[in-house]
Structures are given as C-alpha cells and as structure tokens.
Amino acid sequence: MGTRDPRVDAYIAKQADFAKPILEHIREVVHAACPEVEEDIKWGSPFFMYHGPLAHMPAFKQHCRFGFWKGKLVAGGDSDEDAMAGPFGQLKSVKDLPSKKEMTAYIKKAMKLNEEGISKVKAKKARPELPAPPELVAALAKNKKARANFAAFSPSHRRDYNEWIGEAKRAETKAARVEQAVEWIAEGKGRNWKYQK
C-alpha cells in the first residue's frame with residue numbers, strides 16, 4: 001500500500017493557482033498507476049518512490065515539470081538531465097500533459113526499471129594508464145620508498161604526476177617537478193595532496 005505525504009499536500013497548497021491542478025493531476029495518475037508508490041520531498045520538491053526514486057514533480061514560478069529519475073531510459077532524450085527534467089516540457093496547464101493512458105505507460109516503464117534494479121548511471125570507461133616520463137622513472141629507480149609508494153598509488157594518482165611532469169616545456173621545469181614529485185611520493189602524498197581533506 002502506498003503512502004501520501006502531508007508535506008506534498010503542503011507543497012501543492014503553496015504553489016501558484018495554475019500549478020495546483022497540474023500537480024494534483026500528476027499525483028493522482030501516479031498513485032493510480034502505482035498503488036505502492038510512496039511520496040517524499042527531496043531537493044525541495046515532491047518525489048515518488050518505488051524501489052528507489054521513480055519520478056518527481058517540481059513547480060516553478062511560470063511552469064511545472066514531471067520527470068522520471070531514470071528519464072533517459074523511460075522517455076528518451078539526449079541526456080539524463082533533459083529526460084529527468086520531463087519528457088513533457090514546461091507544463092502550464094493540465095492540457096500540456098499527455099493522456100492518462102500515455103502517462104501510465106511511462107510510469108509502468110519506470111516501475112519496471114526500478115523493480116529490475118537497472119541503474120541510470122553507466123559505468124565510466126577507465127582511462128588508459130599514462131606512461132611515466134623517463135625522467136620520473138629514472139628518479140624513482142634511485143629512491144626505493146618513492147618507487148614502492150608510486151607503484152601502490154591508484155591509477156589516477158599516478159596519472160596526476162605523469163601529466164604534471166610530462167606537461168613541462170623546459171628541461172629545468174621538468175627537473176624541478178621530478179625532484180618535487182619524488183619527495184612527495186616518498187612521503188606517500190598524491191600530486192594534489194594540499195587540496196585533499
């Protein structure tokens with residue numbers, strides 16, 4: 001059995017007159033399509049939860065939106081942000097929404113994705129390892145502790161050092177960076193250690 005959150009009632013009540021019937025209509029269609037849906041407020045607007053975030057319906061000064069958490073998978077679009085913003089565009093009246101049948105089809109599709117645990121986020125491809133500049137390799141060969149620490153660093157930490165040294169244009173700059181890098185690496189510090197908490 002789904003739940004209705006009194007905070008959603010309060011949210012709808014404080015919206016502009018044009019927005020109230022839109023939000024109430026969306027709410028009724030979502031509850032009819034997914035009786036187990038639970039309401040919540042996230043990021044200041046109503047969310048519908050069903051095995052995780054399902055959809056949301058924020059209201060703005062001039063329009064409303066109705067979008068899906070896994071928008072690109074549910075309704076298509078060029079990006080997740082576009083689809084999550086709502087496949088129906090800016091809603092200024094109930095007439096801007098598709099039929100109940102069409103909305104129900106979108107909601108059922110979103111429910112199925114959540115039931116199956118399909119993630120909206122695609123895993124990023126790991127960038128290939130950037131080879132260490134020869135000057136750094138030679139310096140690490142002379143410092144056992146630095147060499148061991150560098151080998152134990154994550155690929156991103158190694159990449160930070162490799163890029164920093166490799167980007168140096170002048171030989172003097174490159175030599176100074178190698179010297180500084182070996183000192184920090186021997187201490188187990190990443191290239192940007194000053195900025196890490």
# chains A, B, ... in the order shown; residues from 1 in each chain; ligands from 1
$ residues_around --residues "segment 103-116 of chain A" --least-positions-apart "3" --cutoff "7 Å" --atoms "only C-alpha atoms" --output "PyMOL selection string"
chain A and resi 29-30+33+50-52+54+74+98-100
$ write_last_selection --atoms "N, CA and C atoms" --output "PDB file, in the first residue's frame"
ATOM      1  N   VAL A  29      -2.568  10.391 -11.083  1.00  0.00           N
ATOM      2  CA  VAL A  29      -2.201   9.421 -12.125  1.00  0.00           C
ATOM      3  C   VAL A  29      -1.097   8.499 -11.622  1.00  0.00           C
ATOM      4  N   VAL A  30      -0.113   9.052 -10.921  1.00  0.00           N
ATOM      5  CA  VAL A  30       0.986   8.221 -10.394  1.00  0.00           C
ATOM      6  C   VAL A  30       0.436   7.208  -9.395  1.00  0.00           C
ATOM      7  N   ALA A  33      -1.492   4.470 -11.198  1.00  0.00           N
ATOM      8  CA  ALA A  33      -0.633   3.561 -11.965  1.00  0.00           C
ATOM      9  C   ALA A  33       0.229   2.693 -11.063  1.00  0.00           C
ATOM     10  N   TYR A  50       9.458   4.232  -5.514  1.00  0.00           N
ATOM     11  CA  TYR A  50       9.025   2.848  -5.716  1.00  0.00           C
ATOM     12  C   TYR A  50      10.290   2.053  -6.017  1.00  0.00           C
ATOM     13  N   HIS A  51      10.755   1.290  -5.067  1.00  0.00           N
ATOM     14  CA  HIS A  51      12.049   0.606  -5.189  1.00  0.00           C
ATOM     15  C   HIS A  51      13.132   1.623  -5.538  1.00  0.00           C
ATOM     16  N   GLY A  52      13.103   2.756  -4.852  1.00  0.00           N
ATOM     17  CA  GLY A  52      14.021   3.858  -5.138  1.00  0.00           C
ATOM     18  C   GLY A  52      13.271   4.992  -5.813  1.00  0.00           C
ATOM     19  N   LEU A  54      11.446   7.225  -8.341  1.00  0.00           N
ATOM     20  CA  LEU A  54      10.702   6.874  -9.550  1.00  0.00           C
ATOM     21  C   LEU A  54      10.495   8.107 -10.428  1.00  0.00           C
ATOM     22  N   VAL A  74      13.450   5.924 -19.576  1.00  0.00           N
ATOM     23  CA  VAL A  74      11.983   5.877 -19.617  1.00  0.00           C
ATOM     24  C   VAL A  74      11.444   6.590 -20.854  1.00  0.00           C
ATOM     25  N   PRO A  98       0.223  14.576 -21.416  1.00  0.00           N
ATOM     26  CA  PRO A  98      -0.390  13.567 -22.289  1.00  0.00           C
ATOM     27  C   PRO A  98      -1.576  12.917 -21.586  1.00  0.00           C
ATOM     28  N   SER A  99      -2.223  12.034 -22.281  1.00  0.00           N
ATOM     29  CA  SER A  99      -3.376  11.341 -21.704  1.00  0.00           C
ATOM     30  C   SER A  99      -2.948  10.494 -20.507  1.00  0.00           C
ATOM     31  N   LYS A 100      -3.941  10.137 -19.679  1.00  0.00           N
ATOM     32  CA  LYS A 100      -3.658   9.268 -18.533  1.00  0.00           C
ATOM     33  C   LYS A 100      -3.048   7.949 -18.993  1.00  0.00           C
TER      34      LYS A 100
END
$ residues_around --residues "His63 of chain A" --least-positions-apart "3" --cutoff "12 Å" --atoms "only C-alpha atoms" --output "PDB file with C-alpha atoms, in the first residue's frame"
ATOM      1  CA  GLN A  15       2.055  26.816  -5.339  1.00  0.00           C
ATOM      2  CA  ALA A  16       0.593  29.289  -7.813  1.00  0.00           C
ATOM      3  CA  ASP A  17      -3.018  28.734  -8.871  1.00  0.00           C
ATOM      4  CA  PHE A  18      -2.041  27.472 -12.345  1.00  0.00           C
ATOM      5  CA  ALA A  19       0.255  24.797 -10.789  1.00  0.00           C
ATOM      6  CA  LYS A  20      -2.136  23.229  -8.276  1.00  0.00           C
ATOM      7  CA  PRO A  21      -4.357  21.324 -10.750  1.00  0.00           C
ATOM      8  CA  ILE A  22      -1.293  20.116 -12.687  1.00  0.00           C
ATOM      9  CA  LEU A  23       0.392  18.741  -9.569  1.00  0.00           C
ATOM     10  CA  MET A  57       7.096  16.957  -9.992  1.00  0.00           C
ATOM     11  CA  PRO A  58       8.692  20.305  -9.182  1.00  0.00           C
ATOM     12  CA  ALA A  59       6.792  23.560  -9.607  1.00  0.00           C
ATOM     13  CA  PHE A  60       8.362  26.843 -10.645  1.00  0.00           C
ATOM     14  CA  PHE A  66       7.015  15.959 -14.436  1.00  0.00           C
ATOM     15  CA  ALA A  85      13.557  17.466 -16.437  1.00  0.00           C
ATOM     16  CA  GLY A  86      10.496  15.925 -18.015  1.00  0.00           C
ATOM     17  CA  PHE A  88       6.532  16.681 -21.443  1.00  0.00           C
ATOM     18  CA  GLY A  89       8.346  20.022 -21.358  1.00  0.00           C
ATOM     19  CA  GLN A  90       7.150  23.013 -19.405  1.00  0.00           C
ATOM     20  CA  LEU A  91       3.684  22.380 -18.046  1.00  0.00           C
ATOM     21  CA  LYS A  92       1.454  25.440 -17.742  1.00  0.00           C
ATOM     22  CA  SER A  93      -1.885  23.623 -17.611  1.00  0.00           C
ATOM     23  CA  VAL A  94      -3.226  20.069 -17.328  1.00  0.00           C
ATOM     24  CA  ASP A  96       0.015  20.179 -21.581  1.00  0.00           C
TER      25      ASP A  96
END
$ atom_distance --atom1 "atom CA of Glu163 of chain A" --atom2 "atom CA of Ala148 of chain A"
19.4 Å
$ select_by_dssp --residues "segment 94-159 of chain A" --states "alpha helix (DSSP H)" --output "count of residues only"
38
$ select_by_dssp --residues "chain A" --states "strand (DSSP E)" --output "ChimeraX atom specification"
/A:38-42,45-49,53-56,67-68
$ write_last_selection --atoms "C-alpha atoms" --output "short mmCIF file (atom, residue, chain, number, x, y, z; two decimals), in the first residue's frame"
data_model
loop_
_atom_site.label_atom_id
_atom_site.label_comp_id
_atom_site.auth_asym_id
_atom_site.auth_seq_id
_atom_site.Cartn_x
_atom_site.Cartn_y
_atom_site.Cartn_z
CA GLU A 38 5.42 6.36 -1.55
CA GLU A 39 5.72 10.11 -1.55
CA ASP A 40 8.69 12.06 -0.27
CA ILE A 41 10.22 15.52 -0.53
CA LYS A 42 13.73 15.61 -1.98
CA SER A 45 10.07 19.12 -4.40
CA PRO A 46 7.77 16.08 -4.38
CA PHE A 47 9.27 12.72 -5.34
CA PHE A 48 7.51 9.45 -5.94
CA MET A 49 9.40 6.45 -4.57
CA PRO A 53 13.31 7.21 -6.80
CA LEU A 54 10.70 6.87 -9.55
CA ALA A 55 9.56 10.35 -10.61
CA HIS A 56 9.30 13.92 -9.42
CA GLY A 67 10.08 13.82 -14.94
CA PHE A 68 11.48 10.40 -14.19
#
$ decode --residues "segment 9-23 of chain A" --atoms "N, CA and C atoms" --output "tab-separated table (two decimals), in the first residue's frame"
chain	number	residue	atom	x	y	z
A	9	ASP	N	1.09	17.59	0.25
A	9	ASP	CA	-0.13	18.41	0.31
A	9	ASP	C	0.24	19.87	0.55
A	10	ALA	N	1.15	20.10	1.49
A	10	ALA	CA	1.57	21.47	1.82
A	10	ALA	C	2.31	22.10	0.64
A	11	TYR	N	3.12	21.32	-0.05
A	11	TYR	CA	3.85	21.82	-1.22
A	11	TYR	C	2.88	22.29	-2.30
A	12	ILE	N	1.90	21.45	-2.59
A	12	ILE	CA	0.91	21.79	-3.62
A	12	ILE	C	0.11	23.03	-3.21
A	13	ALA	N	-0.27	23.09	-1.93
A	13	ALA	CA	-1.10	24.20	-1.44
A	13	ALA	C	-0.41	25.56	-1.58
A	14	LYS	N	0.92	25.58	-1.49
A	14	LYS	CA	1.60	26.87	-1.54
A	14	LYS	C	2.02	27.29	-2.96
A	15	GLN	N	1.69	26.48	-3.96
A	15	GLN	CA	2.06	26.82	-5.34
A	15	GLN	C	1.05	27.79	-5.95
A	16	ALA	N	1.47	28.36	-7.08
A	16	ALA	CA	0.59	29.29	-7.81
A	16	ALA	C	-0.67	28.56	-8.27
A	17	ASP	N	-1.73	29.32	-8.50
A	17	ASP	CA	-3.02	28.73	-8.87
A	17	ASP	C	-2.94	27.87	-10.13
A	18	PHE	N	-2.13	28.27	-11.12
A	18	PHE	CA	-2.04	27.47	-12.34
A	18	PHE	C	-1.42	26.11	-12.06
A	19	ALA	N	-0.51	26.02	-11.05
A	19	ALA	CA	0.25	24.80	-10.79
A	19	ALA	C	-0.54	23.74	-10.02
A	20	LYS	N	-1.44	24.18	-9.15
A	20	LYS	CA	-2.14	23.23	-8.28
A	20	LYS	C	-2.86	22.12	-9.03
A	21	PRO	N	-3.68	22.42	-10.06
A	21	PRO	CA	-4.36	21.32	-10.75
A	21	PRO	C	-3.39	20.41	-11.50
A	22	ILE	N	-2.29	20.95	-11.99
A	22	ILE	CA	-1.29	20.12	-12.69
A	22	ILE	C	-0.70	19.11	-11.71
A	23	LEU	N	-0.24	19.61	-10.57
A	23	LEU	CA	0.39	18.74	-9.57
A	23	LEU	C	-0.59	17.72	-9.01
